[in-house]
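> The structure file run-v9.pdb (PDB, C-alpha atoms and all ligand atoms) is provided below.
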MODEL        1
ATOM      1  CA  MET A   9     -81.438  28.314 -69.039  1.00  0.00           C
ATOM      2  CA  GLY A  10     -84.734  30.076 -68.399  1.00  0.00           C
ATOM      3  CA  LEU A  11     -88.010  28.766 -69.706  1.00  0.00           C
ATOM      4  CA  PHE A  12     -88.561  31.652 -72.018  1.00  0.00           C
ATOM      5  CA  GLN A  13     -85.053  31.526 -73.350  1.00  0.00           C
ATOM      6  CA  LYS A  14     -85.363  27.837 -74.079  1.00  0.00           C
ATOM      7  CA  LEU A  15     -88.659  28.346 -75.871  1.00  0.00           C
ATOM      8  CA  SER A  16     -87.269  31.203 -77.959  1.00  0.00           C
ATOM      9  CA  LEU A  17     -84.136  29.314 -78.870  1.00  0.00           C
ATOM     10  CA  LEU A  18     -86.010  26.194 -79.870  1.00  0.00           C
ATOM     11  CA  ILE A  19     -88.495  28.083 -81.988  1.00  0.00           C
ATOM     12  CA  GLY A  20     -85.866  30.463 -83.303  1.00  0.00           C
ATOM     13  CA  SER A  21     -83.761  27.579 -84.519  1.00  0.00           C
ATOM     14  CA  VAL A  22     -86.633  26.560 -86.750  1.00  0.00           C
ATOM     15  CA  ARG A  23     -87.463  29.953 -88.182  1.00  0.00           C
ATOM     16  CA  LYS A  24     -86.623  33.484 -87.153  1.00  0.00           C
ATOM     17  CA  LYS A  25     -90.169  34.501 -86.799  1.00  0.00           C
ATOM     18  CA  GLN A  26     -92.216  36.148 -84.120  1.00  0.00           C
ATOM     19  CA  VAL A  27     -94.256  33.702 -82.158  1.00  0.00           C
ATOM     20  CA  ASN A  28     -97.409  34.821 -80.392  1.00  0.00           C
ATOM     21  CA  VAL A  29     -98.853  32.909 -77.514  1.00  0.00           C
ATOM     22  CA  LEU A  30    -102.131  34.030 -76.058  1.00  0.00           C
ATOM     23  CA  VAL A  31    -102.729  33.589 -72.334  1.00  0.00           C
ATOM     24  CA  VAL A  32    -106.403  33.322 -71.443  1.00  0.00           C
ATOM     25  CA  GLY A  33    -108.476  32.362 -68.425  1.00  0.00           C
ATOM     26  CA  LEU A  34    -110.987  33.675 -65.943  1.00  0.00           C
ATOM     27  CA  ASN A  35    -110.048  36.508 -63.634  1.00  0.00           C
ATOM     28  CA  ASN A  36    -107.909  35.475 -60.670  1.00  0.00           C
ATOM     29  CA  SER A  37    -106.817  32.216 -62.345  1.00  0.00           C
ATOM     30  CA  GLY A  38    -103.141  33.246 -62.366  1.00  0.00           C
ATOM     31  CA  LYS A  39    -102.549  34.612 -65.889  1.00  0.00           C
ATOM     32  CA  SER A  40    -100.452  37.598 -64.801  1.00  0.00           C
ATOM     33  CA  THR A  41     -98.425  35.422 -62.443  1.00  0.00           C
ATOM     34  CA  VAL A  42     -97.666  32.982 -65.271  1.00  0.00           C
ATOM     35  CA  ILE A  43     -96.743  35.850 -67.605  1.00  0.00           C
ATOM     36  CA  ASN A  44     -94.496  37.436 -64.990  1.00  0.00           C
ATOM     37  CA  HIS A  45     -92.618  34.194 -64.761  1.00  0.00           C
ATOM     38  CA  PHE A  46     -91.784  34.467 -68.454  1.00  0.00           C
ATOM     39  CA  LYS A  47     -91.003  38.143 -68.253  1.00  0.00           C
ATOM     40  CA  ASN A  48     -88.032  37.644 -65.958  1.00  0.00           C
ATOM     41  CA  ASP A  49     -86.437  35.494 -68.609  1.00  0.00           C
ATOM     42  CA  GLU A  50     -87.326  37.866 -71.405  1.00  0.00           C
ATOM     43  CA  GLU A  51     -84.704  40.389 -70.316  1.00  0.00           C
ATOM     44  CA  LYS A  52     -81.987  37.756 -70.462  1.00  0.00           C
ATOM     45  CA  VAL A  53     -83.148  36.636 -73.893  1.00  0.00           C
ATOM     46  CA  ALA A  54     -83.104  40.175 -75.272  1.00  0.00           C
ATOM     47  CA  GLU A  55     -79.353  40.264 -74.859  1.00  0.00           C
ATOM     48  CA  ILE A  56     -78.659  36.844 -76.276  1.00  0.00           C
ATOM     49  CA  VAL A  57     -81.037  36.358 -79.173  1.00  0.00           C
ATOM     50  CA  PRO A  58     -82.360  39.806 -80.075  1.00  0.00           C
ATOM     51  CA  THR A  59     -83.757  38.694 -83.438  1.00  0.00           C
ATOM     52  CA  VAL A  60     -86.193  36.223 -81.955  1.00  0.00           C
ATOM     53  CA  GLY A  61     -89.331  37.812 -80.606  1.00  0.00           C
ATOM     54  CA  PHE A  62     -91.842  36.227 -78.346  1.00  0.00           C
ATOM     55  CA  ASN A  63     -95.013  38.014 -77.463  1.00  0.00           C
ATOM     56  CA  ILE A  64     -97.339  36.947 -74.772  1.00  0.00           C
ATOM     57  CA  GLU A  65    -100.558  38.816 -74.786  1.00  0.00           C
ATOM     58  CA  ARG A  66    -103.421  38.463 -72.472  1.00  0.00           C
ATOM     59  CA  PHE A  67    -106.946  39.603 -72.181  1.00  0.00           C
ATOM     60  CA  GLN A  68    -109.659  38.973 -69.718  1.00  0.00           C
ATOM     61  CA  SER A  69    -112.196  36.448 -70.638  1.00  0.00           C
ATOM     62  CA  HIS A  70    -115.179  38.717 -70.185  1.00  0.00           C
ATOM     63  CA  GLY A  71    -118.154  38.487 -72.505  1.00  0.00           C
ATOM     64  CA  ARG A  72    -118.165  42.234 -72.907  1.00  0.00           C
ATOM     65  CA  TYR A  73    -114.857  42.077 -74.739  1.00  0.00           C
ATOM     66  CA  ARG A  74    -115.615  39.036 -76.792  1.00  0.00           C
ATOM     67  CA  ASN A  75    -115.595  41.070 -79.994  1.00  0.00           C
ATOM     68  CA  LEU A  76    -111.884  41.680 -79.387  1.00  0.00           C
ATOM     69  CA  TRP A  77    -111.082  37.996 -79.386  1.00  0.00           C
ATOM     70  CA  GLU A  78    -110.833  37.702 -83.140  1.00  0.00           C
ATOM     71  CA  HIS A  79    -108.114  40.326 -83.204  1.00  0.00           C
ATOM     72  CA  TYR A  80    -106.024  38.320 -80.739  1.00  0.00           C
ATOM     73  CA  TYR A  81    -106.790  34.901 -82.172  1.00  0.00           C
ATOM     74  CA  LYS A  82    -105.887  35.824 -85.726  1.00  0.00           C
ATOM     75  CA  ASP A  83    -102.103  35.887 -85.338  1.00  0.00           C
ATOM     76  CA  CYS A  84    -101.533  33.483 -82.498  1.00  0.00           C
ATOM     77  CA  HIS A  85     -99.543  30.246 -82.714  1.00  0.00           C
ATOM     78  CA  GLY A  86    -100.622  28.738 -79.440  1.00  0.00           C
ATOM     79  CA  ILE A  87    -102.845  29.277 -76.438  1.00  0.00           C
ATOM     80  CA  ILE A  88    -102.133  28.966 -72.739  1.00  0.00           C
ATOM     81  CA  PHE A  89    -105.404  28.489 -70.870  1.00  0.00           C
ATOM     82  CA  VAL A  90    -104.981  29.117 -67.152  1.00  0.00           C
ATOM     83  CA  ILE A  91    -107.430  27.505 -64.723  1.00  0.00           C
ATOM     84  CA  ASP A  92    -107.702  28.008 -60.975  1.00  0.00           C
ATOM     85  CA  SER A  93    -107.879  24.352 -59.886  1.00  0.00           C
ATOM     86  CA  SER A  94    -109.126  25.347 -56.462  1.00  0.00           C
ATOM     87  CA  ASP A  95    -112.122  27.281 -57.798  1.00  0.00           C
ATOM     88  CA  ARG A  96    -114.522  24.368 -58.132  1.00  0.00           C
ATOM     89  CA  LEU A  97    -117.603  26.584 -58.273  1.00  0.00           C
ATOM     90  CA  ARG A  98    -116.466  28.363 -61.394  1.00  0.00           C
ATOM     91  CA  LEU A  99    -115.354  25.293 -63.325  1.00  0.00           C
ATOM     92  CA  VAL A 100    -118.664  25.374 -65.235  1.00  0.00           C
ATOM     93  CA  VAL A 101    -117.905  28.956 -66.242  1.00  0.00           C
ATOM     94  CA  VAL A 102    -114.442  27.858 -67.392  1.00  0.00           C
ATOM     95  CA  LYS A 103    -116.093  25.191 -69.552  1.00  0.00           C
ATOM     96  CA  GLU A 104    -118.484  27.748 -71.051  1.00  0.00           C
ATOM     97  CA  GLU A 105    -115.599  30.063 -71.929  1.00  0.00           C
ATOM     98  CA  LEU A 106    -113.543  27.211 -73.365  1.00  0.00           C
ATOM     99  CA  ASP A 107    -116.432  26.001 -75.523  1.00  0.00           C
ATOM    100  CA  LEU A 108    -117.031  29.543 -76.803  1.00  0.00           C
ATOM    101  CA  MET A 109    -113.371  29.903 -77.635  1.00  0.00           C
ATOM    102  CA  LEU A 110    -113.269  26.584 -79.491  1.00  0.00           C
ATOM    103  CA  GLN A 111    -116.343  27.580 -81.508  1.00  0.00           C
ATOM    104  CA  HIS A 112    -114.896  30.913 -82.518  1.00  0.00           C
ATOM    105  CA  PRO A 113    -114.424  31.123 -86.321  1.00  0.00           C
ATOM    106  CA  ALA A 114    -110.803  32.270 -85.932  1.00  0.00           C
ATOM    107  CA  ILE A 115    -110.027  29.264 -83.739  1.00  0.00           C
ATOM    108  CA  CYS A 116    -112.179  26.367 -84.882  1.00  0.00           C
ATOM    109  CA  THR A 117    -110.495  26.038 -88.271  1.00  0.00           C
ATOM    110  CA  LYS A 118    -106.919  26.172 -86.929  1.00  0.00           C
ATOM    111  CA  ARG A 119    -104.832  23.360 -85.487  1.00  0.00           C
ATOM    112  CA  LEU A 120    -103.699  25.556 -82.609  1.00  0.00           C
ATOM    113  CA  PRO A 121    -102.012  23.810 -79.698  1.00  0.00           C
ATOM    114  CA  ILE A 122    -103.671  24.542 -76.358  1.00  0.00           C
ATOM    115  CA  LEU A 123    -101.782  24.208 -73.097  1.00  0.00           C
ATOM    116  CA  PHE A 124    -103.975  24.069 -70.005  1.00  0.00           C
ATOM    117  CA  PHE A 125    -102.420  25.016 -66.697  1.00  0.00           C
ATOM    118  CA  ALA A 126    -104.317  23.472 -63.789  1.00  0.00           C
ATOM    119  CA  ASN A 127    -102.934  26.281 -61.684  1.00  0.00           C
ATOM    120  CA  LYS A 128    -102.894  26.756 -57.899  1.00  0.00           C
ATOM    121  CA  MET A 129    -102.133  23.068 -57.452  1.00  0.00           C
ATOM    122  CA  ASP A 130    -100.680  23.973 -54.055  1.00  0.00           C
ATOM    123  CA  CYS A 131    -104.125  24.869 -52.693  1.00  0.00           C
ATOM    124  CA  LYS A 132    -105.701  22.254 -50.462  1.00  0.00           C
ATOM    125  CA  GLU A 133    -108.982  22.162 -52.323  1.00  0.00           C
ATOM    126  CA  SER A 134    -107.449  21.988 -55.783  1.00  0.00           C
ATOM    127  CA  LEU A 135    -108.714  19.380 -58.232  1.00  0.00           C
ATOM    128  CA  SER A 136    -106.365  17.015 -60.077  1.00  0.00           C
ATOM    129  CA  THR A 137    -105.587  17.457 -63.767  1.00  0.00           C
ATOM    130  CA  VAL A 138    -107.585  14.293 -64.483  1.00  0.00           C
ATOM    131  CA  LYS A 139    -110.686  15.702 -62.767  1.00  0.00           C
ATOM    132  CA  ILE A 140    -110.349  19.064 -64.475  1.00  0.00           C
ATOM    133  CA  ALA A 141    -109.850  17.438 -67.882  1.00  0.00           C
ATOM    134  CA  ALA A 142    -113.004  15.402 -67.295  1.00  0.00           C
ATOM    135  CA  ALA A 143    -115.046  18.392 -66.103  1.00  0.00           C
ATOM    136  CA  LEU A 144    -114.012  20.415 -69.148  1.00  0.00           C
ATOM    137  CA  GLY A 145    -114.506  17.533 -71.587  1.00  0.00           C
ATOM    138  CA  LEU A 146    -110.991  17.879 -72.978  1.00  0.00           C
ATOM    139  CA  ASP A 147    -111.093  14.375 -74.458  1.00  0.00           C
ATOM    140  CA  LYS A 148    -113.610  15.738 -76.978  1.00  0.00           C
ATOM    141  CA  ILE A 149    -111.029  18.091 -78.472  1.00  0.00           C
ATOM    142  CA  MET A 150    -109.946  16.041 -81.462  1.00  0.00           C
ATOM    143  CA  ASP A 151    -108.764  18.630 -83.960  1.00  0.00           C
ATOM    144  CA  LYS A 152    -106.191  20.398 -81.807  1.00  0.00           C
ATOM    145  CA  PRO A 153    -103.255  19.152 -79.806  1.00  0.00           C
ATOM    146  CA  TRP A 154    -103.796  19.846 -76.113  1.00  0.00           C
ATOM    147  CA  HIS A 155    -102.021  19.140 -72.880  1.00  0.00           C
ATOM    148  CA  ILE A 156    -102.819  19.767 -69.234  1.00  0.00           C
ATOM    149  CA  SER A 157    -100.149  20.450 -66.609  1.00  0.00           C
ATOM    150  CA  ALA A 158    -100.605  21.074 -62.914  1.00  0.00           C
ATOM    151  CA  SER A 159     -98.846  24.304 -61.946  1.00  0.00           C
ATOM    152  CA  ASN A 160     -98.012  26.674 -59.170  1.00  0.00           C
ATOM    153  CA  ALA A 161     -97.420  29.962 -60.952  1.00  0.00           C
ATOM    154  CA  VAL A 162     -96.117  31.578 -57.757  1.00  0.00           C
ATOM    155  CA  THR A 163     -93.172  29.181 -57.412  1.00  0.00           C
ATOM    156  CA  GLY A 164     -93.028  28.309 -61.115  1.00  0.00           C
ATOM    157  CA  GLU A 165     -93.532  24.621 -60.420  1.00  0.00           C
ATOM    158  CA  GLY A 166     -94.990  22.771 -63.403  1.00  0.00           C
ATOM    159  CA  LEU A 167     -94.589  25.671 -65.819  1.00  0.00           C
ATOM    160  CA  GLN A 168     -91.546  24.144 -67.482  1.00  0.00           C
ATOM    161  CA  GLU A 169     -93.188  20.827 -68.330  1.00  0.00           C
ATOM    162  CA  GLY A 170     -96.112  22.627 -69.942  1.00  0.00           C
ATOM    163  CA  VAL A 171     -94.027  25.116 -71.857  1.00  0.00           C
ATOM    164  CA  GLU A 172     -91.778  22.377 -73.199  1.00  0.00           C
ATOM    165  CA  TRP A 173     -94.806  20.634 -74.612  1.00  0.00           C
ATOM    166  CA  LEU A 174     -96.094  23.880 -76.180  1.00  0.00           C
ATOM    167  CA  THR A 175     -92.657  24.612 -77.637  1.00  0.00           C
ATOM    168  CA  GLN A 176     -92.567  21.256 -79.365  1.00  0.00           C
ATOM    169  CA  GLN A 177     -96.061  21.760 -80.761  1.00  0.00           C
ATOM    170  CA  ILE A 178     -95.335  25.242 -82.117  1.00  0.00           C
ATOM    171  CA  ARG A 179     -92.089  24.017 -83.582  1.00  0.00           C
ATOM    172  CA  GLU A 180     -93.935  21.311 -85.506  1.00  0.00           C
ATOM    173  CA  LEU A 181     -96.567  23.834 -86.598  1.00  0.00           C
ATOM    174  CA  LEU A 182     -93.922  26.212 -87.968  1.00  0.00           C
ATOM    175  CA  THR A 183     -91.969  23.433 -89.647  1.00  0.00           C
ATOM    176  CA  ASN A 184     -94.995  22.069 -91.441  1.00  0.00           C
ATOM    177  CA  ASN A 185     -96.277  25.414 -92.754  1.00  0.00           C
TER     178      ASN A 185
HETATM  179  N1  LIG B 201    -101.594  29.657 -54.111  1.00  0.00           N
HETATM  180  C1  LIG B 201    -101.449  30.087 -55.361  1.00  0.00           C
HETATM  181  N2  LIG B 201    -101.792  31.343 -55.678  1.00  0.00           N
HETATM  182  C2  LIG B 201    -101.627  31.733 -56.952  1.00  0.00           C
HETATM  183  C3  LIG B 201    -101.107  30.880 -57.961  1.00  0.00           C
HETATM  184  N3  LIG B 201    -101.076  31.556 -59.118  1.00  0.00           N
HETATM  185  C4  LIG B 201    -101.529  32.782 -58.857  1.00  0.00           C
HETATM  186  N4  LIG B 201    -101.869  32.913 -57.552  1.00  0.00           N
HETATM  187  C5  LIG B 201    -102.437  34.077 -56.856  1.00  0.00           C
HETATM  188  O1  LIG B 201    -103.745  34.277 -57.341  1.00  0.00           O
HETATM  189  C6  LIG B 201    -104.044  35.661 -57.423  1.00  0.00           C
HETATM  190  C7  LIG B 201    -104.453  36.026 -58.826  1.00  0.00           C
HETATM  191  O2  LIG B 201    -103.361  35.845 -59.699  1.00  0.00           O
HETATM  192  P1  LIG B 201    -103.189  36.729 -61.029  1.00  0.00           P
HETATM  193  O3  LIG B 201    -101.978  36.252 -61.710  1.00  0.00           O
HETATM  194  O4  LIG B 201    -103.301  38.155 -60.705  1.00  0.00           O
HETATM  195  O5  LIG B 201    -104.506  36.263 -61.807  1.00  0.00           O
HETATM  196  P2  LIG B 201    -105.048  36.830 -63.193  1.00  0.00           P
HETATM  197  O6  LIG B 201    -105.589  35.659 -63.938  1.00  0.00           O
HETATM  198  O7  LIG B 201    -104.021  37.642 -63.891  1.00  0.00           O
HETATM  199  O8  LIG B 201    -106.261  37.725 -62.709  1.00  0.00           O
HETATM  200  P3  LIG B 201    -106.945  38.959 -63.465  1.00  0.00           P
HETATM  201  O9  LIG B 201    -105.874  39.899 -63.912  1.00  0.00           O
HETATM  202  O10 LIG B 201    -107.857  39.504 -62.452  1.00  0.00           O
HETATM  203  O11 LIG B 201    -107.705  38.386 -64.628  1.00  0.00           O
HETATM  204  C8  LIG B 201    -102.776  36.387 -56.953  1.00  0.00           C
HETATM  205  O12 LIG B 201    -102.936  36.669 -55.585  1.00  0.00           O
HETATM  206  C9  LIG B 201    -101.688  35.355 -57.169  1.00  0.00           C
HETATM  207  O13 LIG B 201    -100.594  35.517 -56.301  1.00  0.00           O
HETATM  208  C10 LIG B 201    -100.761  29.541 -57.584  1.00  0.00           C
HETATM  209  O14 LIG B 201    -100.326  28.700 -58.385  1.00  0.00           O
HETATM  210  N5  LIG B 201    -100.962  29.207 -56.270  1.00  0.00           N
HETATM  211 MG    MG B 202    -103.990  39.677 -64.352  1.00  0.00          MG
ENDMDL
END
Please express the file's structure as structure tokens.
Ligand SMILES: Nc1nc2c(ncn2[C@@H]2O[C@H](COP(=O)(O)OP(=O)(O)OP(=O)(O)O)[C@@H](O)[C@H]2O)c(=O)[nH]1
Ligand SMILES: [Mg+2]


Amino acid sequence: MGLFQKLSLLIGSVRKKQVNVLVVGLNNSGKSTVINHFKNDEEKVAEIVPTVGFNIERFQSHGRYRNLWEHYYKDCHGIIFVIDSSDRLRLVVVKEELDLMLQHPAICTKRLPILFFANKMDCKESLSTVKIAAALGLDKIMDKPWHISASNAVTGEGLQEGVEWLTQQIRELLTNN
């Protein structure tokens, strides 16, 4: 069973409701590659469970478009934050963007689960999930469930573990509301 199918079935069994997951991250982090991985499964799902929708939207994390964020944040059930683990130089920029996102009025009041993909784990210079979590100060996120998974979006390695975690979180969120 494909990742997307599994996620849809699990969530769909709780409530037949559209689930929106937002995929964010700096340019070149691997967002489109992650999304494409889901898209292959989407076609299979359409035939099997047509009543369960799953939208993955993405936008570039550019300051210029920050006023659009609220629109995307408003209806989302979870966030996938993609990080290029091999891009050490821009890790400070990732932290800035993350902090801005967490401070956003549409985000800071919600108990939205955030899945971090420490992507490009196959690259020689890539940092471990522990080092990335420390650099981003993830341990300071107390009011939202979060999880970090190492991934290789090209081969799909690590995506399943992360998505399973996110599925469980969204399921709990939908059950409790
Ligand atoms: N080695 C390696 N390359 C990856 C991985 N994920 C993505 N890439 C490559 O990184 C480049 C950027 O990936 P995209 O998915 O286009 O990144 P993006 O975040 O959508 O970038 P923008 O659309 O510019 O914001 C592409 O050449 C991908 O093939 C990975 O896990 N490992
Ligand atoms: Mg892209």

> Pick out the closest residue to ligand LIG 201 (chain B) from this set: A:Lys39, A:Arg119, A:His112, A:Lys152. Count all atoms listed in the file.

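When distances to ligand LIG 201 (chain B) are compared using all atoms listed in the file, the smallest one comes from A:Lys39.
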
> Just the number, please: distance in Å from atom CA of A:Ser159 to atom C6 of ligand LIG 201 (chain B), one decimal.

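Separation between atom CA of A:Ser159 and atom C6 of ligand LIG 201 (chain B): 13.3 Å.
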
> Selection in question (the file shown): the PyMOL selection byres (((not hetatm)) within 10 of (chain B and resi 201)). Which residues does it include, as a ChimeraX atom specification?

/A:31-44,66-70,89-94,125-132,134,158-167

> Any chance you could export the current selection's C-alpha atoms as a PDB file, in the frame of the given file?


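This is the output file selection.pdb:
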ATOM      1  CA  VAL A  31    -102.729  33.589 -72.334  1.00  0.00           C
ATOM      2  CA  VAL A  32    -106.403  33.322 -71.443  1.00  0.00           C
ATOM      3  CA  GLY A  33    -108.476  32.362 -68.425  1.00  0.00           C
ATOM      4  CA  LEU A  34    -110.987  33.675 -65.943  1.00  0.00           C
ATOM      5  CA  ASN A  35    -110.048  36.508 -63.634  1.00  0.00           C
ATOM      6  CA  ASN A  36    -107.909  35.475 -60.670  1.00  0.00           C
ATOM      7  CA  SER A  37    -106.817  32.216 -62.345  1.00  0.00           C
ATOM      8  CA  GLY A  38    -103.141  33.246 -62.366  1.00  0.00           C
ATOM      9  CA  LYS A  39    -102.549  34.612 -65.889  1.00  0.00           C
ATOM     10  CA  SER A  40    -100.452  37.598 -64.801  1.00  0.00           C
ATOM     11  CA  THR A  41     -98.425  35.422 -62.443  1.00  0.00           C
ATOM     12  CA  VAL A  42     -97.666  32.982 -65.271  1.00  0.00           C
ATOM     13  CA  ILE A  43     -96.743  35.850 -67.605  1.00  0.00           C
ATOM     14  CA  ASN A  44     -94.496  37.436 -64.990  1.00  0.00           C
ATOM     15  CA  ARG A  66    -103.421  38.463 -72.472  1.00  0.00           C
ATOM     16  CA  PHE A  67    -106.946  39.603 -72.181  1.00  0.00           C
ATOM     17  CA  GLN A  68    -109.659  38.973 -69.718  1.00  0.00           C
ATOM     18  CA  SER A  69    -112.196  36.448 -70.638  1.00  0.00           C
ATOM     19  CA  HIS A  70    -115.179  38.717 -70.185  1.00  0.00           C
ATOM     20  CA  PHE A  89    -105.404  28.489 -70.870  1.00  0.00           C
ATOM     21  CA  VAL A  90    -104.981  29.117 -67.152  1.00  0.00           C
ATOM     22  CA  ILE A  91    -107.430  27.505 -64.723  1.00  0.00           C
ATOM     23  CA  ASP A  92    -107.702  28.008 -60.975  1.00  0.00           C
ATOM     24  CA  SER A  93    -107.879  24.352 -59.886  1.00  0.00           C
ATOM     25  CA  SER A  94    -109.126  25.347 -56.462  1.00  0.00           C
ATOM     26  CA  PHE A 125    -102.420  25.016 -66.697  1.00  0.00           C
ATOM     27  CA  ALA A 126    -104.317  23.472 -63.789  1.00  0.00           C
ATOM     28  CA  ASN A 127    -102.934  26.281 -61.684  1.00  0.00           C
ATOM     29  CA  LYS A 128    -102.894  26.756 -57.899  1.00  0.00           C
ATOM     30  CA  MET A 129    -102.133  23.068 -57.452  1.00  0.00           C
ATOM     31  CA  ASP A 130    -100.680  23.973 -54.055  1.00  0.00           C
ATOM     32  CA  CYS A 131    -104.125  24.869 -52.693  1.00  0.00           C
ATOM     33  CA  LYS A 132    -105.701  22.254 -50.462  1.00  0.00           C
ATOM     34  CA  SER A 134    -107.449  21.988 -55.783  1.00  0.00           C
ATOM     35  CA  ALA A 158    -100.605  21.074 -62.914  1.00  0.00           C
ATOM     36  CA  SER A 159     -98.846  24.304 -61.946  1.00  0.00           C
ATOM     37  CA  ASN A 160     -98.012  26.674 -59.170  1.00  0.00           C
ATOM     38  CA  ALA A 161     -97.420  29.962 -60.952  1.00  0.00           C
ATOM     39  CA  VAL A 162     -96.117  31.578 -57.757  1.00  0.00           C
ATOM     40  CA  THR A 163     -93.172  29.181 -57.412  1.00  0.00           C
ATOM     41  CA  GLY A 164     -93.028  28.309 -61.115  1.00  0.00           C
ATOM     42  CA  GLU A 165     -93.532  24.621 -60.420  1.00  0.00           C
ATOM     43  CA  GLY A 166     -94.990  22.771 -63.403  1.00  0.00           C
ATOM     44  CA  LEU A 167     -94.589  25.671 -65.819  1.00  0.00           C
TER      45      LEU A 167
END

> Go through A:Asp151, A:Asp95, A:Glu133, A:Asp83 one by one, measure the shortest atom-to-atom distance of each to A:Pro121 using only C-alpha atoms, and give the residue with the smallest value.

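Of the candidates, the smallest distance to A:Pro121 is held by A:Asp151.
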
> So how far away is atom CA of A:Ile122 from atom CA of A:His45, in Å?

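These atoms are spaced 18.7 Å apart.
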
> Pull out stretch 81-97 of chain A, keep N, CA and C atoms, and write it as an mmCIF file, in the first residue's frame.


data_model
loop_
_atom_site.group_PDB
_atom_site.id
_atom_site.type_symbol
_atom_site.label_atom_id
_atom_site.label_comp_id
_atom_site.auth_asym_id
_atom_site.auth_seq_id
_atom_site.Cartn_x
_atom_site.Cartn_y
_atom_site.Cartn_z
ATOM 1 N N TYR A 81 -2.270 28.792 6.049
ATOM 2 C CA TYR A 81 -2.240 28.261 7.410
ATOM 3 C C TYR A 81 -3.640 27.980 7.950
ATOM 4 N N LYS A 82 -4.569 28.835 7.543
ATOM 5 C CA LYS A 82 -5.906 28.837 8.132
ATOM 6 C C LYS A 82 -6.559 27.451 8.158
ATOM 7 N N ASP A 83 -6.508 26.749 7.029
ATOM 8 C CA ASP A 83 -7.244 25.491 6.916
ATOM 9 C C ASP A 83 -6.346 24.260 6.956
ATOM 10 N N CYS A 84 -5.144 24.392 7.473
ATOM 11 C CA CYS A 84 -4.290 23.206 7.398
ATOM 12 C C CYS A 84 -4.308 22.411 8.700
ATOM 13 N N HIS A 85 -4.145 21.097 8.558
ATOM 14 C CA HIS A 85 -4.200 20.173 9.693
ATOM 15 C C HIS A 85 -2.821 19.743 10.149
ATOM 16 N N GLY A 86 -1.844 19.969 9.296
ATOM 17 C CA GLY A 86 -0.485 19.575 9.641
ATOM 18 C C GLY A 86 0.501 20.219 8.689
ATOM 19 N N ILE A 87 1.749 20.276 9.119
ATOM 20 C CA ILE A 87 2.783 20.910 8.306
ATOM 21 C C ILE A 87 3.946 19.946 8.101
ATOM 22 N N ILE A 88 4.411 19.874 6.865
ATOM 23 C CA ILE A 88 5.656 19.158 6.586
ATOM 24 C C ILE A 88 6.698 20.229 6.269
ATOM 25 N N PHE A 89 7.746 20.269 7.071
ATOM 26 C CA PHE A 89 8.792 21.274 6.919
ATOM 27 C C PHE A 89 10.035 20.567 6.379
ATOM 28 N N VAL A 90 10.370 20.870 5.126
ATOM 29 C CA VAL A 90 11.479 20.165 4.479
ATOM 30 C C VAL A 90 12.775 20.980 4.612
ATOM 31 N N ILE A 91 13.817 20.286 5.067
ATOM 32 C CA ILE A 91 15.121 20.937 5.277
ATOM 33 C C ILE A 91 16.182 20.210 4.459
ATOM 34 N N ASP A 92 17.016 20.958 3.788
ATOM 35 C CA ASP A 92 18.177 20.367 3.108
ATOM 36 C C ASP A 92 19.273 20.191 4.155
ATOM 37 N N SER A 93 19.463 18.944 4.605
ATOM 38 C CA SER A 93 20.436 18.673 5.678
ATOM 39 C C SER A 93 21.869 18.937 5.268
ATOM 40 N N SER A 94 22.101 19.044 3.965
ATOM 41 C CA SER A 94 23.474 19.243 3.505
ATOM 42 C C SER A 94 23.805 20.732 3.354
ATOM 43 N N ASP A 95 22.793 21.570 3.495
ATOM 44 C CA ASP A 95 22.985 23.014 3.311
ATOM 45 C C ASP A 95 23.231 23.679 4.666
ATOM 46 N N ARG A 96 24.432 23.446 5.188
ATOM 47 C CA ARG A 96 24.764 23.943 6.525
ATOM 48 C C ARG A 96 24.705 25.462 6.619
ATOM 49 N N LEU A 97 25.137 26.120 5.536
ATOM 50 C CA LEU A 97 25.206 27.582 5.536
ATOM 51 C C LEU A 97 23.845 28.230 5.738
#
